[in-house]
Each structure stands twice: as C-alpha cells, then as structure tokens.
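Asks: Input: one structure, supplied below.
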Amino acid sequence: MSVSNLPAVGQAPAAGRPSAPETTHLVAPRFAQRRGPTSTTRRFTPWLLLAPALLWLLVFSIWPSLNTIRMAFTNAKPLGGNEEFVWFENFSYLLRDDQVVGALLNSIVFMLVCLPLLTLLPLLIAILVEKKLPGITFFRTAFYTPVIASAVVVALIWTFMLDDRGLVNGLAQALSIIQEPLPFLTDRWLIILSAVSLTVWKGLGYYMIIYLAALGNVSRDLHEAAAMDGAGAIRRFFVVTLPAVRGAMLLIAVLVCISALRVFSEVFVMTGGTGGAGGEAMTMVMLIQQYSRGFTGDLGYASALSILMFFVTLVPMLILARINSRRDT
C-alpha cells in the first residue's frame with residue numbers, strides 16, 4: 001500500500017478498506033484487584049505470632065518474679081490472710097541469721113569446686129572422643145548416658161554406694177585403706193564433696209556435647225600449621241584448641257555456676273531429707289525450701305532469701321563476663 005492511499009488525519013477510512021484495529025482495555029478479574037495486607041495488619045502480625053510465648057513468659061516468669069519481690073517486704077504465709085508489709089524486716093533478720101551464712105558458704109564452696117572440674121574435664125573428654133576411631137560412638141554414648149538419668153535415681157545410687165556399709169567404704173576397708181567407715185553422708189564437708197562427685201559425674205556428658213560442637217568448628221589447618229612449626233600435642237592444646245573454644249568455655253562456666261548454686265535434689269536425697277549434718281540446710285536452695293514449705297511457712301522470708309540468691313548468682317556471671325571482655329580487648 002502506498003502512502004497516497006492512506007486516509008488523511010481525521011478522515012474516515014474509505015469503503016471497502018480495512019480499518020485499523022481498535023485498542024481494547026482489558027479489565028483485570030476481581031481477585032487480581034485485591035490489595036495486599038495493610039500497614040496495620042503488617043504491624044500487628046508479629047505480635048500475634050509472639051503472643052503465646054509472651055503470655056507464657058508473663059504468667060510463669062515475669063509475674064512470679066515481681067510477686068516474689070513484693071512478698072519479700074511482707075509477712076506472707078502459704079494460706080494467706082493478715083498479710084502486712086514489714087518492709088526491710090526480713091532482710092534485717094537475714095543478715096543476722098547464722099543458718100543463712102552457713103548455707104551461703106556451702107553453696108559457694110560447692111560452686112567453686114564444681115566450676116574447674118566441669119569446665120576442664122568435659123573438654124579433655126571431648127578431645128579424646130572427637131577422633132574418628134572404631135567404636136568411639138560407644139564411648140560417646142557411655143559418657144552421655146548419665147545426663148538423661150533422673151537426678152533422684154542417681155542420688156539414690158550414690159547414697160547406697162557412700163553409705164557406711166556401702167560399696168566405697170566396704171571396698172576401702174577390705175583393702176585395709178581405712179579402719180573405720182568414712183561419714184560421707186553425715187559430715188558437713190564430706191556431704192558437699194559427695195554431692196560434687198555426683199554432680200560432676202552426671203554433668204560431664206552434657207558439657208562434653210557443647211565442647212564437641214565447638215571443636216567441630218576448629219580448622220584442621222591450624223593444627224597442621226602448628227605441628228609443622230614444631231608444636232607438640234600439649235602446645236597445640238594451649239595455642240590452638242583453648243583459644244578456639246573460649247566462647248564455649250565461658251558459656252559452660254556460666255551454666256555450671258548457675259546449676260551449682262541451685263543444687264537441691266542431690267544433697268536432699270543423699271542426706272535423707274534432713275537437709276544435712278545436724279538437720280541444718282546445706283545450701284541456699286534447701287534453706288528457701290525449708291522456709292517456704294508447710295502451712296506455717298514464712299513466704300516473706302523465703303522471698304527475701306530468693307532475692308539474695310539472685311544477686312549471689314549474678315556475681316559470678318558478671319565476673320566471667322568481665323574476664324571475657326578483657327580478653328577480647
């Protein structure tokens with residue numbers, strides 16, 4: 001078609017000539033015209049997802065903590081009634097209570113003995129079982145098995161072993177190592193050492209797993225480079241392994257401090273429910289239980305002890321965090 005045959009602008013096409021196709025506007029279906037979520041919906045959706053966890057935290061953690069602080073300034077009893085604010089009277093009596101001093105000392109000694117044992121021994125075991133050798137899975141399982149055992153059952157087994165006529169005393173007397181049975185379950189310090197041995201035996205496998213995860217991230221090239229420089233196994237342990245697992249070691253130290261200060265089942269079962277030598281509570285947790293149990297329990301004083309326990313637990317955590325920050329700088 002030549003240019004002369006085209007119609008002028010604004011002129012209708014001649015008869016018999018095909019007209020140009022008209023442009024049609026497609027209308028999108030209704031479902032395609034729907035808008036996305038509004039800004040309000042996007043704003044509240046995360047909170048709706050977090051609501052169950054926040055509710056659980058509020059009911060079982062935040063509210064009990066706030067209520068404990070409130071009761072520490074009252075003379076609250078388990079059955080309620082005639083509850084009055086006594087302000088700092090519970091804390092004043094707490095500072096004069098010799099039983100609190102003894103229980104606090106026992107808890108600190110228990111923590112100081114458990115801390116190096118449960119920080120270093122699991123690392124050594126993790127290094128031994130990390131190697132891929134035939135049958136190594138059996139040893140990993142054997143070390144971890146005490147972790148899943150009940151603390152009460154393990155404490156009962158330990159009690160039978162450490163009794164005056166138990167396996168340990170009987171074997172030691174048969175070998176003429178001792179003449180009289182050792183009072184593992186009646187002497188103040190032997191009770192603590194017995195509970196420490198139980199806690200260490202039961203916790204080795206748990207902390208070993210944490211160290212195994214940390215050792216898995218250590219590059220083999222570092223060990224090979226140190227070996228090529230003439231470093232032996234002990235030297236490589238200090239210059240390669242320890243710096244690589246320092247974060248895991250700090251985490252384990254914090255966990256050990258918290259769990260050691262909160263020890264209850266081990267000592268309670270091993271002392272037959274008496275609390276310790278002379279019937280006195282051996283640890284802070286046992287002392288809190290003693291004051292909060294029963295119909296005549298002093299919940300106000302137990303709450304004051306709980307607040308003291310919180311700050312006692314907080315101190316080693318702050319010290320470890322300070323040590324870690326100094327090493328980073």
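Labels for the structure tokens follow display order: chains A, B, ..., residues from 1 in each chain, ligands from 1.
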Write out as a list of chain:residue names which residues come within 6 Å of range 119-125 of chain A when counting only C-alpha atoms, dropping same-chain ones fewer than 6 positions away.
Replies: A:Leu204, A:Tyr207, A:Met208, A:Tyr211
Asks: Could you pull the residues within 12 Å of Phe310 in chain A, counting only C-alpha atoms, minus those fewer than 2 positions along the same chain, as a list in words?
Replies: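 Returned residues: Ser65, Thr68, Ile69, Ile258, Leu261, Arg262, Met284, Val285, Ser303, Ala304, Leu305, Ser306, Ile307, Leu308, Val312, Thr313, Leu314, Val315, Pro316 and Met317 of chain A.
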Asks: Using CA of Ala213 in chain A and CA of Gly230 in chain A as the two end points, give the distance in Å to one decimal.
Replies: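 Value for the CA of Ala213 in chain A-CA of Gly230 in chain A distance: 27.2 Å.
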Asks: I need the residue nearest Tyr144 in chain A from this list: A:Ile209, A:Ala226, A:Leu190, A:Leu57. Use only C-alpha atoms for the distance.
Replies: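 Going through A:Ile209, A:Ala226, A:Leu190, A:Leu57 one by one, the smallest distance to Tyr144 in chain A is for A:Ile209.
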Asks: If we count only C-alpha atoms, what is near range 177-183 of chain A at a cut-off of 12 Å, once residues fewer than 2 positions away on the same chain are taken out, given as a PDB file with all heavy atoms, in the first residue's frame?
Replies:
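So result.pdb came out as:
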ATOM      1  N   THR A 159      23.892 -42.730  97.182  1.00  0.00           N
ATOM      2  CA  THR A 159      23.685 -42.921  98.616  1.00  0.00           C
ATOM      3  C   THR A 159      24.006 -44.344  99.038  1.00  0.00           C
ATOM      4  O   THR A 159      24.678 -44.568 100.060  1.00  0.00           O
ATOM      5  CB  THR A 159      22.223 -42.587  98.984  1.00  0.00           C
ATOM      6  OG1 THR A 159      21.938 -41.241  98.604  1.00  0.00           O
ATOM      7  CG2 THR A 159      21.991 -42.736 100.477  1.00  0.00           C
ATOM      8  N   MET A 161      26.056 -46.336  97.554  1.00  0.00           N
ATOM      9  CA  MET A 161      27.495 -46.553  97.384  1.00  0.00           C
ATOM     10  C   MET A 161      28.301 -45.918  98.513  1.00  0.00           C
ATOM     11  O   MET A 161      29.326 -46.467  98.952  1.00  0.00           O
ATOM     12  CB  MET A 161      27.958 -45.989  96.040  1.00  0.00           C
ATOM     13  CG  MET A 161      27.433 -46.735  94.832  1.00  0.00           C
ATOM     14  SD  MET A 161      27.941 -45.941  93.279  1.00  0.00           S
ATOM     15  CE  MET A 161      29.728 -45.936  93.473  1.00  0.00           C
ATOM     16  N   LEU A 162      27.849 -44.754  99.018  1.00  0.00           N
ATOM     17  CA  LEU A 162      28.625 -44.000 100.004  1.00  0.00           C
ATOM     18  C   LEU A 162      28.150 -44.229 101.430  1.00  0.00           C
ATOM     19  O   LEU A 162      28.672 -43.591 102.352  1.00  0.00           O
ATOM     20  CB  LEU A 162      28.556 -42.509  99.677  1.00  0.00           C
ATOM     21  CG  LEU A 162      29.132 -42.100  98.324  1.00  0.00           C
ATOM     22  CD1 LEU A 162      28.941 -40.607  98.090  1.00  0.00           C
ATOM     23  CD2 LEU A 162      30.602 -42.457  98.216  1.00  0.00           C
ATOM     24  N   ASP A 163      27.195 -45.100 101.625  1.00  0.00           N
ATOM     25  CA  ASP A 163      26.716 -45.401 102.975  1.00  0.00           C
ATOM     26  C   ASP A 163      27.836 -46.051 103.787  1.00  0.00           C
ATOM     27  O   ASP A 163      28.852 -46.505 103.245  1.00  0.00           O
ATOM     28  CB  ASP A 163      25.497 -46.327 102.886  1.00  0.00           C
ATOM     29  CG  ASP A 163      24.804 -46.451 104.236  1.00  0.00           C
ATOM     30  OD1 ASP A 163      24.278 -45.438 104.732  1.00  0.00           O
ATOM     31  OD2 ASP A 163      24.822 -47.556 104.795  1.00  0.00           O
ATOM     32  N   ASP A 164      27.639 -46.084 105.113  1.00  0.00           N
ATOM     33  CA  ASP A 164      28.662 -46.695 105.974  1.00  0.00           C
ATOM     34  C   ASP A 164      28.929 -48.146 105.603  1.00  0.00           C
ATOM     35  O   ASP A 164      30.054 -48.642 105.747  1.00  0.00           O
ATOM     36  CB  ASP A 164      28.222 -46.610 107.445  1.00  0.00           C
ATOM     37  CG  ASP A 164      28.255 -45.178 107.956  1.00  0.00           C
ATOM     38  OD1 ASP A 164      28.889 -44.329 107.291  1.00  0.00           O
ATOM     39  OD2 ASP A 164      27.645 -44.896 109.007  1.00  0.00           O
ATOM     40  N   ARG A 165      27.907 -48.846 105.145  1.00  0.00           N
ATOM     41  CA  ARG A 165      28.090 -50.232 104.702  1.00  0.00           C
ATOM     42  C   ARG A 165      28.013 -50.341 103.191  1.00  0.00           C
ATOM     43  O   ARG A 165      27.752 -51.412 102.653  1.00  0.00           O
ATOM     44  CB  ARG A 165      26.987 -51.109 105.306  1.00  0.00           C
ATOM     45  CG  ARG A 165      27.018 -51.146 106.801  1.00  0.00           C
ATOM     46  CD  ARG A 165      25.988 -52.117 107.320  1.00  0.00           C
ATOM     47  NE  ARG A 165      25.253 -51.550 108.437  1.00  0.00           N
ATOM     48  CZ  ARG A 165      24.262 -52.176 109.051  1.00  0.00           C
ATOM     49  NH1 ARG A 165      23.859 -53.332 108.607  1.00  0.00           N
ATOM     50  NH2 ARG A 165      23.658 -51.617 110.081  1.00  0.00           N
ATOM     51  N   GLY A 166      28.220 -49.231 102.508  1.00  0.00           N
ATOM     52  CA  GLY A 166      28.134 -49.218 101.057  1.00  0.00           C
ATOM     53  C   GLY A 166      29.370 -49.757 100.370  1.00  0.00           C
ATOM     54  O   GLY A 166      30.325 -50.230 101.007  1.00  0.00           O
ATOM     55  N   LEU A 167      29.374 -49.647  99.049  1.00  0.00           N
ATOM     56  CA  LEU A 167      30.442 -50.205  98.239  1.00  0.00           C
ATOM     57  C   LEU A 167      31.775 -49.525  98.502  1.00  0.00           C
ATOM     58  O   LEU A 167      32.808 -50.200  98.631  1.00  0.00           O
ATOM     59  CB  LEU A 167      30.068 -50.085  96.755  1.00  0.00           C
ATOM     60  CG  LEU A 167      31.122 -50.556  95.747  1.00  0.00           C
ATOM     61  CD1 LEU A 167      31.375 -52.049  95.909  1.00  0.00           C
ATOM     62  CD2 LEU A 167      30.667 -50.235  94.329  1.00  0.00           C
ATOM     63  N   VAL A 168      31.784 -48.209  98.607  1.00  0.00           N
ATOM     64  CA  VAL A 168      33.045 -47.482  98.748  1.00  0.00           C
ATOM     65  C   VAL A 168      33.706 -47.798 100.086  1.00  0.00           C
ATOM     66  O   VAL A 168      34.896 -48.156 100.143  1.00  0.00           O
ATOM     67  CB  VAL A 168      32.805 -45.966  98.605  1.00  0.00           C
ATOM     68  CG1 VAL A 168      34.098 -45.190  98.863  1.00  0.00           C
ATOM     69  CG2 VAL A 168      32.273 -45.648  97.215  1.00  0.00           C
ATOM     70  N   ASN A 169      32.965 -47.667 101.176  1.00  0.00           N
ATOM     71  CA  ASN A 169      33.535 -47.969 102.492  1.00  0.00           C
ATOM     72  C   ASN A 169      33.884 -49.444 102.626  1.00  0.00           C
ATOM     73  O   ASN A 169      34.923 -49.803 103.207  1.00  0.00           O
ATOM     74  CB  ASN A 169      32.555 -47.564 103.597  1.00  0.00           C
ATOM     75  CG  ASN A 169      32.619 -46.074 103.909  1.00  0.00           C
ATOM     76  OD1 ASN A 169      33.696 -45.493 104.004  1.00  0.00           O
ATOM     77  ND2 ASN A 169      31.466 -45.452 104.047  1.00  0.00           N
ATOM     78  N   GLY A 170      33.023 -50.325 102.107  1.00  0.00           N
ATOM     79  CA  GLY A 170      33.317 -51.755 102.197  1.00  0.00           C
ATOM     80  C   GLY A 170      34.574 -52.130 101.435  1.00  0.00           C
ATOM     81  O   GLY A 170      35.410 -52.908 101.930  1.00  0.00           O
ATOM     82  N   LEU A 171      34.745 -51.589 100.220  1.00  0.00           N
ATOM     83  CA  LEU A 171      35.938 -51.886  99.438  1.00  0.00           C
ATOM     84  C   LEU A 171      37.185 -51.294 100.078  1.00  0.00           C
ATOM     85  O   LEU A 171      38.248 -51.936 100.111  1.00  0.00           O
ATOM     86  CB  LEU A 171      35.757 -51.341  98.023  1.00  0.00           C
ATOM     87  CG  LEU A 171      36.861 -51.680  97.011  1.00  0.00           C
ATOM     88  CD1 LEU A 171      36.990 -53.190  96.830  1.00  0.00           C
ATOM     89  CD2 LEU A 171      36.570 -51.010  95.676  1.00  0.00           C
ATOM     90  N   ALA A 172      37.065 -50.070 100.622  1.00  0.00           N
ATOM     91  CA  ALA A 172      38.233 -49.447 101.260  1.00  0.00           C
ATOM     92  C   ALA A 172      38.651 -50.206 102.521  1.00  0.00           C
ATOM     93  O   ALA A 172      39.848 -50.353 102.800  1.00  0.00           O
ATOM     94  CB  ALA A 172      37.911 -47.989 101.603  1.00  0.00           C
ATOM     95  N   GLN A 173      37.676 -50.711 103.279  1.00  0.00           N
ATOM     96  CA  GLN A 173      38.024 -51.497 104.467  1.00  0.00           C
ATOM     97  C   GLN A 173      38.583 -52.853 104.084  1.00  0.00           C
ATOM     98  O   GLN A 173      39.491 -53.373 104.750  1.00  0.00           O
ATOM     99  CB  GLN A 173      36.784 -51.662 105.354  1.00  0.00           C
ATOM    100  CG  GLN A 173      36.390 -50.401 106.101  1.00  0.00           C
ATOM    101  CD  GLN A 173      35.144 -50.591 106.938  1.00  0.00           C
ATOM    102  OE1 GLN A 173      34.157 -51.180 106.476  1.00  0.00           O
ATOM    103  NE2 GLN A 173      35.164 -50.094 108.169  1.00  0.00           N
ATOM    104  N   ALA A 174      38.080 -53.456 103.037  1.00  0.00           N
ATOM    105  CA  ALA A 174      38.600 -54.755 102.602  1.00  0.00           C
ATOM    106  C   ALA A 174      40.042 -54.640 102.139  1.00  0.00           C
ATOM    107  O   ALA A 174      40.835 -55.577 102.319  1.00  0.00           O
ATOM    108  CB  ALA A 174      37.717 -55.313 101.484  1.00  0.00           C
ATOM    109  N   LEU A 175      40.398 -53.501 101.536  1.00  0.00           N
ATOM    110  CA  LEU A 175      41.775 -53.282 101.083  1.00  0.00           C
ATOM    111  C   LEU A 175      42.652 -52.691 102.173  1.00  0.00           C
ATOM    112  O   LEU A 175      43.809 -52.325 101.908  1.00  0.00           O
ATOM    113  CB  LEU A 175      41.774 -52.362  99.858  1.00  0.00           C
ATOM    114  CG  LEU A 175      41.069 -52.902  98.607  1.00  0.00           C
ATOM    115  CD1 LEU A 175      41.050 -51.863  97.502  1.00  0.00           C
ATOM    116  CD2 LEU A 175      41.759 -54.186  98.123  1.00  0.00           C
ATOM    117  N   LEU A 185      27.973 -39.280 104.351  1.00  0.00           N
ATOM    118  CA  LEU A 185      26.614 -38.740 104.337  1.00  0.00           C
ATOM    119  C   LEU A 185      26.225 -38.042 105.629  1.00  0.00           C
ATOM    120  O   LEU A 185      25.071 -37.638 105.779  1.00  0.00           O
ATOM    121  CB  LEU A 185      25.611 -39.870 104.047  1.00  0.00           C
ATOM    122  CG  LEU A 185      25.877 -40.677 102.771  1.00  0.00           C
ATOM    123  CD1 LEU A 185      24.849 -41.783 102.622  1.00  0.00           C
ATOM    124  CD2 LEU A 185      25.875 -39.773 101.551  1.00  0.00           C
ATOM    125  N   THR A 186      27.169 -37.894 106.555  1.00  0.00           N
ATOM    126  CA  THR A 186      26.856 -37.240 107.827  1.00  0.00           C
ATOM    127  C   THR A 186      27.787 -36.088 108.146  1.00  0.00           C
ATOM    128  O   THR A 186      27.421 -35.204 108.930  1.00  0.00           O
ATOM    129  CB  THR A 186      26.898 -38.257 108.981  1.00  0.00           C
ATOM    130  OG1 THR A 186      28.165 -38.938 108.970  1.00  0.00           O
ATOM    131  CG2 THR A 186      25.781 -39.288 108.843  1.00  0.00           C
ATOM    132  N   ASP A 187      28.965 -36.060 107.583  1.00  0.00           N
ATOM    133  CA  ASP A 187      29.887 -34.954 107.809  1.00  0.00           C
ATOM    134  C   ASP A 187      29.586 -33.808 106.849  1.00  0.00           C
ATOM    135  O   ASP A 187      29.267 -34.033 105.670  1.00  0.00           O
ATOM    136  CB  ASP A 187      31.333 -35.423 107.625  1.00  0.00           C
ATOM    137  CG  ASP A 187      32.333 -34.317 107.909  1.00  0.00           C
ATOM    138  OD1 ASP A 187      32.563 -34.000 109.084  1.00  0.00           O
ATOM    139  OD2 ASP A 187      32.866 -33.750 106.926  1.00  0.00           O
ATOM    140  N   ARG A 188      29.714 -32.589 107.340  1.00  0.00           N
ATOM    141  CA  ARG A 188      29.324 -31.417 106.545  1.00  0.00           C
ATOM    142  C   ARG A 188      30.105 -31.327 105.239  1.00  0.00           C
ATOM    143  O   ARG A 188      29.515 -31.182 104.158  1.00  0.00           O
ATOM    144  CB  ARG A 188      29.529 -30.149 107.373  1.00  0.00           C
ATOM    145  CG  ARG A 188      29.308 -28.862 106.584  1.00  0.00           C
ATOM    146  CD  ARG A 188      29.618 -27.646 107.429  1.00  0.00           C
ATOM    147  NE  ARG A 188      29.431 -26.416 106.685  1.00  0.00           N
ATOM    148  CZ  ARG A 188      29.684 -25.200 107.182  1.00  0.00           C
ATOM    149  NH1 ARG A 188      30.115 -25.076 108.433  1.00  0.00           N
ATOM    150  NH2 ARG A 188      29.491 -24.117 106.437  1.00  0.00           N
ATOM    151  N   TRP A 189      31.433 -31.396 105.324  1.00  0.00           N
ATOM    152  CA  TRP A 189      32.236 -31.202 104.117  1.00  0.00           C
ATOM    153  C   TRP A 189      32.257 -32.437 103.234  1.00  0.00           C
ATOM    154  O   TRP A 189      32.336 -32.330 102.012  1.00  0.00           O
ATOM    155  CB  TRP A 189      33.659 -30.788 104.491  1.00  0.00           C
ATOM    156  CG  TRP A 189      33.698 -29.508 105.267  1.00  0.00           C
ATOM    157  CD1 TRP A 189      34.031 -29.333 106.579  1.00  0.00           C
ATOM    158  CD2 TRP A 189      33.328 -28.207 104.778  1.00  0.00           C
ATOM    159  NE1 TRP A 189      33.910 -28.017 106.944  1.00  0.00           N
ATOM    160  CE2 TRP A 189      33.492 -27.305 105.861  1.00  0.00           C
ATOM    161  CE3 TRP A 189      32.886 -27.732 103.548  1.00  0.00           C
ATOM    162  CZ2 TRP A 189      33.222 -25.951 105.730  1.00  0.00           C
ATOM    163  CZ3 TRP A 189      32.627 -26.384 103.426  1.00  0.00           C
ATOM    164  CH2 TRP A 189      32.793 -25.501 104.505  1.00  0.00           C
ATOM    165  N   LEU A 190      32.165 -33.625 103.847  1.00  0.00           N
ATOM    166  CA  LEU A 190      32.108 -34.848 103.037  1.00  0.00           C
ATOM    167  C   LEU A 190      30.791 -34.938 102.270  1.00  0.00           C
ATOM    168  O   LEU A 190      30.749 -35.491 101.167  1.00  0.00           O
ATOM    169  CB  LEU A 190      32.304 -36.079 103.914  1.00  0.00           C
ATOM    170  CG  LEU A 190      33.729 -36.308 104.437  1.00  0.00           C
ATOM    171  CD1 LEU A 190      33.792 -37.554 105.301  1.00  0.00           C
ATOM    172  CD2 LEU A 190      34.709 -36.427 103.271  1.00  0.00           C
ATOM    173  N   ILE A 191      29.717 -34.396 102.855  1.00  0.00           N
ATOM    174  CA  ILE A 191      28.450 -34.360 102.111  1.00  0.00           C
ATOM    175  C   ILE A 191      28.613 -33.504 100.859  1.00  0.00           C
ATOM    176  O   ILE A 191      28.160 -33.863  99.764  1.00  0.00           O
ATOM    177  CB  ILE A 191      27.321 -33.802 103.006  1.00  0.00           C
ATOM    178  CG1 ILE A 191      26.970 -34.801 104.100  1.00  0.00           C
ATOM    179  CG2 ILE A 191      26.077 -33.502 102.171  1.00  0.00           C
ATOM    180  CD1 ILE A 191      25.952 -34.268 105.094  1.00  0.00           C
ATOM    181  N   ILE A 192      29.274 -32.346 101.012  1.00  0.00           N
ATOM    182  CA  ILE A 192      29.464 -31.465  99.867  1.00  0.00           C
ATOM    183  C   ILE A 192      30.333 -32.141  98.810  1.00  0.00           C
ATOM    184  O   ILE A 192      30.020 -32.104  97.612  1.00  0.00           O
ATOM    185  CB  ILE A 192      30.094 -30.130 100.319  1.00  0.00           C
ATOM    186  CG1 ILE A 192      29.114 -29.371 101.214  1.00  0.00           C
ATOM    187  CG2 ILE A 192      30.496 -29.274  99.125  1.00  0.00           C
ATOM    188  CD1 ILE A 192      29.651 -28.069 101.757  1.00  0.00           C
ATOM    189  N   LEU A 193      31.420 -32.783  99.234  1.00  0.00           N
ATOM    190  CA  LEU A 193      32.290 -33.460  98.271  1.00  0.00           C
ATOM    191  C   LEU A 193      31.569 -34.627  97.600  1.00  0.00           C
ATOM    192  O   LEU A 193      31.764 -34.885  96.399  1.00  0.00           O
ATOM    193  CB  LEU A 193      33.556 -33.949  98.969  1.00  0.00           C
ATOM    194  CG  LEU A 193      34.502 -32.863  99.482  1.00  0.00           C
ATOM    195  CD1 LEU A 193      35.703 -33.490 100.186  1.00  0.00           C
ATOM    196  CD2 LEU A 193      34.961 -31.966  98.340  1.00  0.00           C
ATOM    197  N   SER A 194      30.726 -35.329  98.350  1.00  0.00           N
ATOM    198  CA  SER A 194      29.961 -36.425  97.751  1.00  0.00           C
ATOM    199  C   SER A 194      28.981 -35.892  96.719  1.00  0.00           C
ATOM    200  O   SER A 194      28.825 -36.470  95.629  1.00  0.00           O
ATOM    201  CB  SER A 194      29.213 -37.197  98.843  1.00  0.00           C
ATOM    202  OG  SER A 194      30.109 -37.722  99.799  1.00  0.00           O
ATOM    203  N   MET A 270      20.663 -37.386  99.275  1.00  0.00           N
ATOM    204  CA  MET A 270      21.805 -38.031  99.931  1.00  0.00           C
ATOM    205  C   MET A 270      21.779 -37.857 101.437  1.00  0.00           C
ATOM    206  O   MET A 270      22.368 -38.665 102.176  1.00  0.00           O
ATOM    207  CB  MET A 270      23.106 -37.482  99.359  1.00  0.00           C
ATOM    208  CG  MET A 270      23.324 -37.852  97.900  1.00  0.00           C
ATOM    209  SD  MET A 270      24.839 -37.152  97.200  1.00  0.00           S
ATOM    210  CE  MET A 270      26.077 -38.054  98.106  1.00  0.00           C
ATOM    211  N   THR A 271      21.114 -36.813 101.932  1.00  0.00           N
ATOM    212  CA  THR A 271      21.014 -36.620 103.378  1.00  0.00           C
ATOM    213  C   THR A 271      19.719 -37.178 103.944  1.00  0.00           C
ATOM    214  O   THR A 271      19.408 -36.951 105.117  1.00  0.00           O
ATOM    215  CB  THR A 271      21.104 -35.116 103.712  1.00  0.00           C
ATOM    216  OG1 THR A 271      20.077 -34.406 103.002  1.00  0.00           O
ATOM    217  CG2 THR A 271      22.461 -34.556 103.331  1.00  0.00           C
ATOM    218  N   ALA A 277      24.104 -32.215 107.746  1.00  0.00           N
ATOM    219  CA  ALA A 277      24.609 -32.588 109.067  1.00  0.00           C
ATOM    220  C   ALA A 277      23.881 -31.785 110.143  1.00  0.00           C
ATOM    221  O   ALA A 277      23.781 -30.565 110.068  1.00  0.00           O
ATOM    222  CB  ALA A 277      26.111 -32.326 109.137  1.00  0.00           C
TER     223      ALA A 277
END
Asks: Applying 12 Å and only C-alpha atoms, which residues near Gly216 in chain A remain after dropping the ones on its own chain fewer than 6 positions away? List them as a list in words.
Replies: Ala126, Ile127, Val129, Glu130, Lys131, Ile209, Ile210, Thr241, Ala244, Val245 and Ala248 of chain A
Asks: Looking at A:Ala155, A:Met228, A:Cys114, A:Ala51, which one is nearest to Gly273 in chain A, with distances taken over only C-alpha atoms?
Replies: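 Smallest separation from Gly273 in chain A among the options: A:Ala155.
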Asks: Looking at only C-alpha atoms, which of A:Lys132, A:His223, A:Lys202, A:Arg42 is the one that sits closest to Glu266 in chain A?
Replies: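 Nearest candidate to Glu266 in chain A out of A:Lys132, A:His223, A:Lys202, A:Arg42: A:Lys202.
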Asks: When you count only C-alpha atoms, which of these residues is closest to Pro78 in chain A: A:Arg140, A:Arg326, A:Arg220, A:Arg293?
Replies: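 Between A:Arg140, A:Arg326, A:Arg220, A:Arg293, the residue approaching Pro78 in chain A most closely is A:Arg293.
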Asks: Please provide the set of residues having any atom within 8 Å of range 286-288 of chain A, restricted to only C-alpha atoms, with same-chain residues fewer than 5 positions apart removed, written as a list in words.
Replies: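 My reading of the contact set: Val100, Ala103, Phe264, Phe268, Gly275, Ala281, Ala302, Ser303, Leu305 and Ser306 of chain A.
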Asks: Using only C-alpha atoms, which of A:Gly297, A:Pro52, A:Met249, A:Glu84 sits nearest Leu212 in chain A?
Replies: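 Ranked by minimum distance to Leu212 in chain A, first place goes to A:Met249.
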Asks: For a test of reading the model, state the distance in Å between CA of Asn75 in chain A and CA of Tyr93 in chain A, rounded to one decimal.
Replies: 12.4 Å
Asks: Name the residues of range 126-213 of chain A that fall into alpha helix (DSSP H) according to DSSP on the backbone, using the chain letters and numbers of this document, as a PyMOL selection string.
Replies: chain A and resi 126-130+136-148+151-162+167-174+188-213
Asks: Between A:Met111, A:Ala231, A:Val200, A:Arg322, which residue has the minimum interatomic distance to Phe143 in chain A, considering only C-alpha atoms?
Replies: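 Ranking A:Met111, A:Ala231, A:Val200, A:Arg322 by distance to Phe143 in chain A, first place goes to A:Val200.
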